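J.: First the structure, which I've put down as structure tokens, then a few questions once you've had a look.
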Amino acid sequence: MKHIQKAAVIGSGVMGSGIAAHLANIGIPAMLLDIVPQSLTEQEQAKGLTLEDKEVRNRLSEGAIQKLFKQKPAPLSVKGNAALIEAGNLEDDLDRLKEADWIIEVVVENLEVKKKVFELVENHRKEGSIISSNTSGISIEAMVEGRSEDFKRNFLGTHFFNPPRYLKLLEIIPTPYTDPEVISFMKQFGEDTLGKGVVLAKDTPNFIANRIGTYGLLVTVQEMLKGGYGVGEVDSITGPLIGRPKSATFRTLDVVGLDTFIHVAKNVYDQVEGEEKVVFDVPDFMLKMRDKGWLGSKSGQGFFKKEGKTILELNPDTMEYGERNKLRAASVDLAKQEKGLPNKMKALVYAKDRAGELLWSILSPVLLYSAELHGEIADDIVSIDRAMKWGFGWEMGPFETWDAIGIERTVEKMKQEGKTIPAWIENMITEGHTSFYKEENGDQFFYHNGSYQLTEENEKAINLKRWKKKNGIIKKNTGASLIDLGDGVALLEFHSPSNAIGMDIIQMVNFAVEEVSKKYKGLVIGNQGKNFCVGANLGMILMEAQDDNVFEIEMVVKQFQQAMMKLKYSSFPVVAAPFGMTLGGGAEVCLPADYIQASPETYMGLVEVGVGLIPGGGGNKELYLNYYNSLPKGVDFDLQKVANKVFEMIAMAKVSTSGAEAKENHFLTEADGISANGDHLLYDAKQAVLHLAQHYAPPVKQQVPVVGETGYAMLLLGAQSMYRSGFISEHDLKIAKKLAYVIAGGKVPFGTEVDEEYLLTLEREAFLSLIQEPKSQMRMQHMLMKGKPLRN
């Protein structure tokens, strides 16, 4: 059985160093190797170094590691992970390749260069180690020409998408020689350890996602030129409106880099014939942009250019920049009012206006192209759909899109336009099948060679929507549901708008505690929304505050606090499964749990200060306890430092940039878990409940030492000096005073031990006094209207 304990990455460019960082994030040490420089830099000469010095010989890979700290978005989940990446070069460290269980080649996209690298690798690797190429489109089989039997058996393509930490897709491309065991091991390893969505692709130009994605982008450019649309107009309707990323079409090209895009397009152009070749012929104006160095974000201008705060768009005809425009059409307004992506799409693609005509002319060729390539680039439609969703951030893949807008209606329209429909789709319709996918009893099936087959899923990927169809719901209200997750574990799922916490969720928490204590082993708190929970229902709180319903707000806050205490001291284990934004009340739901199973991308923080408040659901107390309980027992420590740290974390509204950083910030404890794959979060959380339930005893209530009056004075010193220096406003200082009073434990002597109820009362009083402040209400209003904090 294969296993990967150490890796070597050859090539330290953005992609190579990004892959090394991703490996380090999941705890796999990686050697990062590059060529030896042929000449000294001015700085190296000034230092008196020679070409023989290690610092010079490892310059490329060492420099790449240093760049990881500055890159945005950050490739490392915490900076300390860089310690797992070791810089080296392809002369001095070749012999160390035998230490690696997996060797990944990420050098320049040139077949001859790659073959030379593999010749070197062949002479120094250990037998049985896996070797792969991260090419974005060169033939994998051609790379292993002349290599040994063992090399060929253990060789395949592993195409990561950039940036490797954030983009989910990993295309695995075997050759005819690849050992089937190596393929299945890498698929499993990719999903369970690397946390990727793995798709098996065939060894064809650009594989799956880049082949269809590049085609789609080029069709869009050509239709824009043909129909006289502007760059901004196209981007305004090819983004979230049709279930694509905010960067839409041209902003995406600016981010990718025009030089990279042209290279990828040329790769297909050189290998295909006929109509397909015509599409992959990059328009002249884009070649002119490349020659001028207008490559996008990395060169400061591309299809868009920023001047001050204004964003300008390129006019392809004049090659000059002008005001950015949006496409205005009746169908766009109609689509915005429709519920659900399928309805939005239908409102758009069949509309007889400028937006409808453009979307139909760019969408229908992509649907037909995906259908023509079915069987050639991948074995089934599921792989194609997943590749586009995971690699390009589409909400629906091409075949899911086709289902959403209706196969029969689309095919009829295509035929009227004289387009050729692939024979297998004609057969499918003749057989009476009118969708590519169908669901039965919560299972998904896809159309394949004349019949429907069950979609294969990793058993750890629980799909809640389908799970509920299959297994039903214990109880539901507008904000939350209680679900039987099997094996004696229940799941509390939030589903209010943005998963914001209101009375409905609090009621469901209380019901869950009662129900689970009678019939279940334990409880998972998790969901599969866009984010775990963005906090309390701010709109509701503001409305009550503006109506002076302080009594009403106090009741809600008290009930929230009590519900969290019920979770904390329940007779069964509670595991929270946060991911994405886990802010304010969302963090307060997680902190009292027995265990947190977080996603790698968990952005956790108590951010109430941003809306003029402090945490009111027990967050201050729980974060303080996490810091306090993390200190070694029986060793003298400075309690003031604990209070300072917690105060700073909440006053600055610090949010973790990853699950790993949430540990460093004490939102998670050392014992808490982080799932490598976000799709496996609920499965992992359920396993944690089952493990805890074997020998579960509820936590014992503890007395907590606080810093009291003297500590309060210390906490305020920093805030007052920031106020005097003009860093924070008078209202910020007022909030800081309230927060400091809560963290310090009020007017008691330093070191006094208090109970949790006492701290909750202080927290509630401070929260209620701030909510009545006009300036806090202005901050809340601003956040609800603009989505960003107001400094007043």
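Numbering starts fresh at 1 for the residues of each chain in the structure tokens, the chains themselves are lettered A, B, ... in the order given, and ligands are numbered from 1 as they appear.
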So that I can check the surroundings of A:Asp203, please list as a PyMOL selection string every protein, DNA and RNA residue that reaches within 8 Å of it, counting only C-alpha atoms and ignoring chain neighbours fewer than 2 positions away.
T.: chain A and resi 139-141+173-175+201+205+207+377
J.: Contacts of stretch 508-512 of chain A at 8 Å or less, counting only C-alpha atoms, minus same-chain residues fewer than 6 places along, as a list in words?
T.: Lys476, Asn477, Ala480, Ser481, Leu482, Leu492, Ala563, Lys566 and Leu567 of chain A
J.: What does the file look like for those residues with N, CA, C and O atoms, as an mmCIF file, in the first residue's frame?
T.:
data_model
loop_
_atom_site.group_PDB
_atom_site.id
_atom_site.type_symbol
_atom_site.label_atom_id
_atom_site.label_comp_id
_atom_site.auth_asym_id
_atom_site.auth_seq_id
_atom_site.Cartn_x
_atom_site.Cartn_y
_atom_site.Cartn_z
ATOM 1 N N LYS A 476 -38.477 21.184 12.086
ATOM 2 C CA LYS A 476 -37.983 22.312 11.293
ATOM 3 C C LYS A 476 -38.766 23.570 11.643
ATOM 4 O O LYS A 476 -39.969 23.501 11.893
ATOM 5 N N ASN A 477 -38.072 24.731 11.671
ATOM 6 C CA ASN A 477 -38.783 26.014 11.670
ATOM 7 C C ASN A 477 -38.107 26.916 10.638
ATOM 8 O O ASN A 477 -37.282 26.436 9.852
ATOM 9 N N ALA A 480 -34.013 26.944 11.338
ATOM 10 C CA ALA A 480 -33.150 25.774 11.551
ATOM 11 C C ALA A 480 -33.938 24.477 11.470
ATOM 12 O O ALA A 480 -35.164 24.471 11.574
ATOM 13 N N SER A 481 -33.199 23.382 11.288
ATOM 14 C CA SER A 481 -33.807 22.037 11.277
ATOM 15 C C SER A 481 -32.982 21.119 12.159
ATOM 16 O O SER A 481 -31.763 21.287 12.274
ATOM 17 N N LEU A 482 -33.640 20.123 12.718
ATOM 18 C CA LEU A 482 -32.924 19.056 13.412
ATOM 19 C C LEU A 482 -33.071 17.812 12.537
ATOM 20 O O LEU A 482 -34.186 17.439 12.153
ATOM 21 N N LEU A 492 -27.910 19.740 13.893
ATOM 22 C CA LEU A 492 -28.656 20.992 13.946
ATOM 23 C C LEU A 492 -28.177 21.849 12.776
ATOM 24 O O LEU A 492 -27.010 22.249 12.723
ATOM 25 N N ALA A 563 -29.138 29.352 25.995
ATOM 26 C CA ALA A 563 -29.102 28.242 25.033
ATOM 27 C C ALA A 563 -27.665 27.755 24.854
ATOM 28 O O ALA A 563 -27.407 26.545 24.770
ATOM 29 N N LYS A 566 -26.710 25.740 27.789
ATOM 30 C CA LYS A 566 -27.343 24.400 27.707
ATOM 31 C C LYS A 566 -26.507 23.477 26.826
ATOM 32 O O LYS A 566 -26.311 22.309 27.130
ATOM 33 N N LEU A 567 -26.033 24.024 25.691
ATOM 34 C CA LEU A 567 -25.185 23.224 24.796
ATOM 35 C C LEU A 567 -23.909 22.806 25.515
ATOM 36 O O LEU A 567 -23.478 21.665 25.435
#
J.: Excluding A:Leu464 and any residue of its chain fewer than 2 positions from it, enumerate the residues within 8 Å of it, using only C-alpha atoms, and give them as a list in words.
T.: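 Counting only C-alpha atoms, the residues come to Ile462, Arg466, Trp467, Lys468, Asn527 and Gln528 of chain A.
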J.: According to DSSP computed on the backbone, where in stretch 276-452 of chain A is there alpha helix (DSSP H)? Give the residues as a PyMOL selection string.
T.: chain A and resi 276-279+284-292+330-337+341-349+354-373+381-392+398-405+407-416+423-430
J.: Would you give me, as a Markdown table, each residue of stretch 681-742 of chain A having an atom within 12 Å of an atom of stretch 190-195 of chain A, along with its shortest atom pair and that distance in Å to one decimal, using only C-alpha atoms and sorting by chain and residue number?
T.:
| residue | atom | partner | partner_atom | distance |
| --- | --- | --- | --- | --- |
| A:Leu681 | CA | A:Gly195 | CA | 10.7 |
| A:Tyr683 | CA | A:Asp192 | CA | 11.8 |
| A:Asp684 | CA | A:Asp192 | CA | 11.0 |
J.: Filtering to all heavy atoms, could you give me those residues as a PDB file, in the first residue's frame?
T.:
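File selection-v7.pdb, as written:
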ATOM      1  N   LEU A 681     -16.546  17.663   6.012  1.00  0.00           N
ATOM      2  CA  LEU A 681     -16.667  18.284   7.337  1.00  0.00           C
ATOM      3  C   LEU A 681     -17.741  17.630   8.210  1.00  0.00           C
ATOM      4  O   LEU A 681     -17.486  17.305   9.371  1.00  0.00           O
ATOM      5  CB  LEU A 681     -16.967  19.779   7.137  1.00  0.00           C
ATOM      6  CG  LEU A 681     -16.901  20.672   8.358  1.00  0.00           C
ATOM      7  CD1 LEU A 681     -15.542  20.601   9.034  1.00  0.00           C
ATOM      8  CD2 LEU A 681     -17.210  22.116   7.983  1.00  0.00           C
ATOM      9  N   TYR A 683     -19.125  14.670   7.908  1.00  0.00           N
ATOM     10  CA  TYR A 683     -18.741  13.275   8.187  1.00  0.00           C
ATOM     11  C   TYR A 683     -17.729  13.243   9.330  1.00  0.00           C
ATOM     12  O   TYR A 683     -17.874  12.471  10.282  1.00  0.00           O
ATOM     13  CB  TYR A 683     -18.143  12.646   6.915  1.00  0.00           C
ATOM     14  CG  TYR A 683     -17.587  11.244   7.128  1.00  0.00           C
ATOM     15  CD1 TYR A 683     -18.403  10.123   6.971  1.00  0.00           C
ATOM     16  CD2 TYR A 683     -16.260  11.046   7.500  1.00  0.00           C
ATOM     17  CE1 TYR A 683     -17.896   8.842   7.178  1.00  0.00           C
ATOM     18  CE2 TYR A 683     -15.747   9.773   7.714  1.00  0.00           C
ATOM     19  CZ  TYR A 683     -16.572   8.674   7.548  1.00  0.00           C
ATOM     20  OH  TYR A 683     -16.067   7.405   7.765  1.00  0.00           O
ATOM     21  N   ASP A 684     -16.697  14.102   9.242  1.00  0.00           N
ATOM     22  CA  ASP A 684     -15.658  14.125  10.279  1.00  0.00           C
ATOM     23  C   ASP A 684     -16.239  14.547  11.630  1.00  0.00           C
ATOM     24  O   ASP A 684     -15.858  14.022  12.672  1.00  0.00           O
ATOM     25  CB  ASP A 684     -14.518  15.076   9.875  1.00  0.00           C
ATOM     26  CG  ASP A 684     -13.738  14.565   8.657  1.00  0.00           C
ATOM     27  OD1 ASP A 684     -13.845  13.359   8.357  1.00  0.00           O
ATOM     28  OD2 ASP A 684     -13.031  15.362   8.016  1.00  0.00           O
TER      29      ASP A 684
END
J.: Near A:Asp284, within 12 Å and counting only C-alpha atoms, which residues show up once chain neighbours fewer than 4 positions away are dropped, as a list in words?
T.: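 In the requested form, the answer reads Val221, Gln222, Leu225, Ile262, Lys288, Met289, Arg290, Asp291, Pro316, Asp317 and Met319 of chain A.
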J.: Neighbouring residues of stretch 663-672 of chain A were defined as those with any atom within 7 Å, considering only C-alpha atoms; residues of the same chain fewer than 3 positions away were excluded. Please report them as a JSON list (two decimals) with N, CA, C and O atoms, in the first residue's frame.
T.:
[["chain", "number", "residue", "atom", "x", "y", "z"],
["A", 591, "LEU", "N", -17.90, 28.16, 20.21],
["A", 591, "LEU", "CA", -17.01, 28.18, 21.37],
["A", 591, "LEU", "C", -17.45, 27.30, 22.55],
["A", 591, "LEU", "O", -16.61, 26.67, 23.19],
["A", 595, "TYR", "N", -16.16, 20.14, 21.16],
["A", 595, "TYR", "CA", -15.12, 19.90, 20.17],
["A", 595, "TYR", "C", -15.51, 20.69, 18.93],
["A", 595, "TYR", "O", -16.70, 20.81, 18.61],
["A", 596, "ILE", "N", -14.51, 21.25, 18.25],
["A", 596, "ILE", "CA", -14.79, 21.93, 16.98],
["A", 596, "ILE", "C", -14.05, 21.19, 15.87],
["A", 596, "ILE", "O", -12.86, 20.91, 15.99],
["A", 597, "GLN", "N", -14.79, 20.82, 14.83],
["A", 597, "GLN", "CA", -14.19, 20.23, 13.63],
["A", 597, "GLN", "C", -14.33, 21.30, 12.57],
["A", 597, "GLN", "O", -15.42, 21.54, 12.04],
["A", 623, "LEU", "N", -13.88, 32.93, 24.94],
["A", 623, "LEU", "CA", -12.54, 33.14, 24.39],
["A", 623, "LEU", "C", -11.53, 33.30, 25.54],
["A", 623, "LEU", "O", -10.43, 32.77, 25.49],
["A", 626, "ASN", "N", -10.83, 29.89, 26.84],
["A", 626, "ASN", "CA", -9.93, 29.16, 25.93],
["A", 626, "ASN", "C", -8.47, 29.55, 26.16],
["A", 626, "ASN", "O", -7.59, 28.70, 26.21],
["A", 627, "TYR", "N", -8.23, 30.87, 26.30],
["A", 627, "TYR", "CA", -6.86, 31.33, 26.56],
["A", 627, "TYR", "C", -6.39, 30.82, 27.93],
["A", 627, "TYR", "O", -5.29, 30.29, 28.07],
["A", 659, "GLY", "N", -8.49, 27.83, 9.17],
["A", 659, "GLY", "CA", -8.75, 27.01, 10.36],
["A", 659, "GLY", "C", -7.52, 26.94, 11.25],
["A", 659, "GLY", "O", -7.61, 27.00, 12.47],
["A", 660, "ALA", "N", -6.34, 26.83, 10.59],
["A", 660, "ALA", "CA", -5.09, 26.73, 11.36],
["A", 660, "ALA", "C", -4.85, 28.00, 12.16],
["A", 660, "ALA", "O", -4.39, 27.95, 13.31]]
J.: Env of stretch 496-499 of chain A: 12 Å cut, atoms = only C-alpha atoms, seq-sep filter 5 positions within chain, self excluded. Answer as a ChimeraX atom specification.
T.: /A:476-481,504-506,508,526-539,578,580-586,589
J.: Show me, as a PyMOL selection string, the residues that have an atom within 12 Å of A:Pro37 when counting only C-alpha atoms, minus same-chain residues fewer than 3 positions from it.
T.: chain A and resi 34+40-41+44+50-61+89-91
J.: Please dump the current selection as a short mmCIF file (atom, residue, chain, number, x, y, z; two decimals), in the first residue's frame; keep N, CA and C atoms.
T.:
data_model
loop_
_atom_site.label_atom_id
_atom_site.label_comp_id
_atom_site.auth_asym_id
_atom_site.auth_seq_id
_atom_site.Cartn_x
_atom_site.Cartn_y
_atom_site.Cartn_z
N ASP A 34 15.08 23.91 -7.65
CA ASP A 34 15.11 24.65 -8.92
C ASP A 34 16.54 24.63 -9.46
N LEU A 40 25.81 35.99 -10.60
CA LEU A 40 25.50 36.60 -9.30
C LEU A 40 24.65 37.86 -9.47
N THR A 41 23.81 38.14 -8.49
CA THR A 41 23.06 39.41 -8.49
C THR A 41 23.99 40.47 -7.88
N GLU A 44 24.39 39.91 -4.20
CA GLU A 44 25.28 38.78 -3.89
C GLU A 44 26.75 39.18 -4.06
N THR A 50 30.09 33.84 -3.87
CA THR A 50 30.49 33.29 -5.18
C THR A 50 29.41 32.32 -5.66
N LEU A 51 29.55 31.87 -6.91
CA LEU A 51 28.57 30.91 -7.47
C LEU A 51 28.59 29.57 -6.75
N GLU A 52 29.58 29.36 -5.89
CA GLU A 52 29.66 28.09 -5.15
C GLU A 52 28.92 28.14 -3.83
N ASP A 53 28.54 29.36 -3.38
CA ASP A 53 27.86 29.47 -2.07
C ASP A 53 26.44 28.93 -2.14
N LYS A 54 26.05 28.24 -1.07
CA LYS A 54 24.72 27.61 -1.01
C LYS A 54 23.61 28.66 -1.17
N GLU A 55 23.81 29.82 -0.55
CA GLU A 55 22.82 30.90 -0.62
C GLU A 55 22.51 31.28 -2.07
N VAL A 56 23.58 31.25 -2.90
CA VAL A 56 23.42 31.58 -4.33
C VAL A 56 22.80 30.40 -5.06
N ARG A 57 23.30 29.22 -4.77
CA ARG A 57 22.84 28.01 -5.49
C ARG A 57 21.36 27.72 -5.23
N ASN A 58 20.88 28.09 -4.02
CA ASN A 58 19.46 27.85 -3.69
C ASN A 58 18.61 29.11 -3.86
N ARG A 59 19.21 30.14 -4.55
CA ARG A 59 18.52 31.43 -4.61
C ARG A 59 17.08 31.35 -5.11
N LEU A 60 16.85 30.58 -6.18
CA LEU A 60 15.52 30.57 -6.80
C LEU A 60 14.47 29.98 -5.86
N SER A 61 14.79 28.82 -5.28
CA SER A 61 13.78 28.20 -4.41
C SER A 61 13.65 28.94 -3.08
N ASN A 89 18.44 22.68 -4.76
CA ASN A 89 18.64 22.88 -6.19
C ASN A 89 18.85 21.54 -6.90
N LEU A 90 18.79 21.59 -8.22
CA LEU A 90 18.79 20.37 -9.02
C LEU A 90 20.18 19.80 -9.30
N GLU A 91 21.17 20.29 -8.58
CA GLU A 91 22.51 19.69 -8.69
C GLU A 91 22.91 19.07 -7.35
#
J.: What is the atom CA of A:Met345-atom CA of A:Asp679 distance in Å, reported with one decimal?
T.: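 Atom-to-atom, atom CA of A:Met345 and atom CA of A:Asp679 are spaced 26.6 Å apart.
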J.: For a test of reading the model, state the distance in Å between atom CA of A:Val256 and atom CA of A:Asn110, rounded to one decimal.
T.: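 Between atom CA of A:Val256 and atom CA of A:Asn110 the gap works out to 19.5 Å.
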J.: Just give me the gap between atom CA of A:Val9 and atom CA of A:Ser77 in Å, one decimal is fine.
T.: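 Taking atom CA of A:Val9 and atom CA of A:Ser77, their separation equals 18.8 Å.
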J.: Using only C-alpha atoms, can you tell me which of A:Ser769, A:Asn449, A:Gln271, A:Asn343 comes closest to A:Ala404?
T.: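 Result for the nearest residue to A:Ala404: A:Asn343.
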J.: Mind the document's chain letters and residue numbers, and return as a ChimeraX atom specification the residues of stretch 463-587 of chain A that DSSP labels strand (DSSP E).
T.: /A:475-476,480-484,489-494,522-525,574-576,580-583
J.: Go ahead and write the residues just picked, C-alpha atoms, as a PDB file, in the first residue's frame.
T.:
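For reference, selection01.pdb as written:
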ATOM      1  CA  LYS A 475     -38.228  19.069  13.243  1.00  0.00           C
ATOM      2  CA  LYS A 476     -37.983  22.312  11.293  1.00  0.00           C
ATOM      3  CA  ALA A 480     -33.150  25.774  11.551  1.00  0.00           C
ATOM      4  CA  SER A 481     -33.807  22.037  11.277  1.00  0.00           C
ATOM      5  CA  LEU A 482     -32.924  19.056  13.412  1.00  0.00           C
ATOM      6  CA  ILE A 483     -31.902  16.084  11.261  1.00  0.00           C
ATOM      7  CA  ASP A 484     -31.076  12.457  12.007  1.00  0.00           C
ATOM      8  CA  VAL A 489     -26.089  11.340  15.822  1.00  0.00           C
ATOM      9  CA  ALA A 490     -28.354  14.349  15.221  1.00  0.00           C
ATOM     10  CA  LEU A 491     -27.502  17.457  13.203  1.00  0.00           C
ATOM     11  CA  LEU A 492     -28.656  20.992  13.946  1.00  0.00           C
ATOM     12  CA  GLU A 493     -28.710  22.820  10.603  1.00  0.00           C
ATOM     13  CA  PHE A 494     -29.129  26.604  10.273  1.00  0.00           C
ATOM     14  CA  GLY A 522     -24.696  13.430  20.452  1.00  0.00           C
ATOM     15  CA  LEU A 523     -25.169  16.499  18.270  1.00  0.00           C
ATOM     16  CA  VAL A 524     -23.350  18.094  15.327  1.00  0.00           C
ATOM     17  CA  ILE A 525     -23.992  21.786  14.625  1.00  0.00           C
ATOM     18  CA  VAL A 574     -21.722  18.608  20.989  1.00  0.00           C
ATOM     19  CA  VAL A 575     -19.431  19.091  17.976  1.00  0.00           C
ATOM     20  CA  ALA A 576     -19.526  22.322  15.948  1.00  0.00           C
ATOM     21  CA  GLY A 580     -16.299  30.008   5.691  1.00  0.00           C
ATOM     22  CA  MET A 581     -17.486  33.063   7.611  1.00  0.00           C
ATOM     23  CA  THR A 582     -18.041  32.113  11.253  1.00  0.00           C
ATOM     24  CA  LEU A 583     -18.479  35.547  12.754  1.00  0.00           C
TER      25      LEU A 583
END
J.: Counting only C-alpha atoms, which of A:Val742, A:Val108, A:Leu32, A:Val282 gets nearest to A:Asp93?
T.: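 For A:Asp93, the nearest of the given residues is A:Leu32.
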J.: Using only C-alpha atoms, can you tell me which of A:Asp95, A:Glu145, A:Asp259, A:Asp594 comes closest to A:Glu119?
T.: A:Glu145
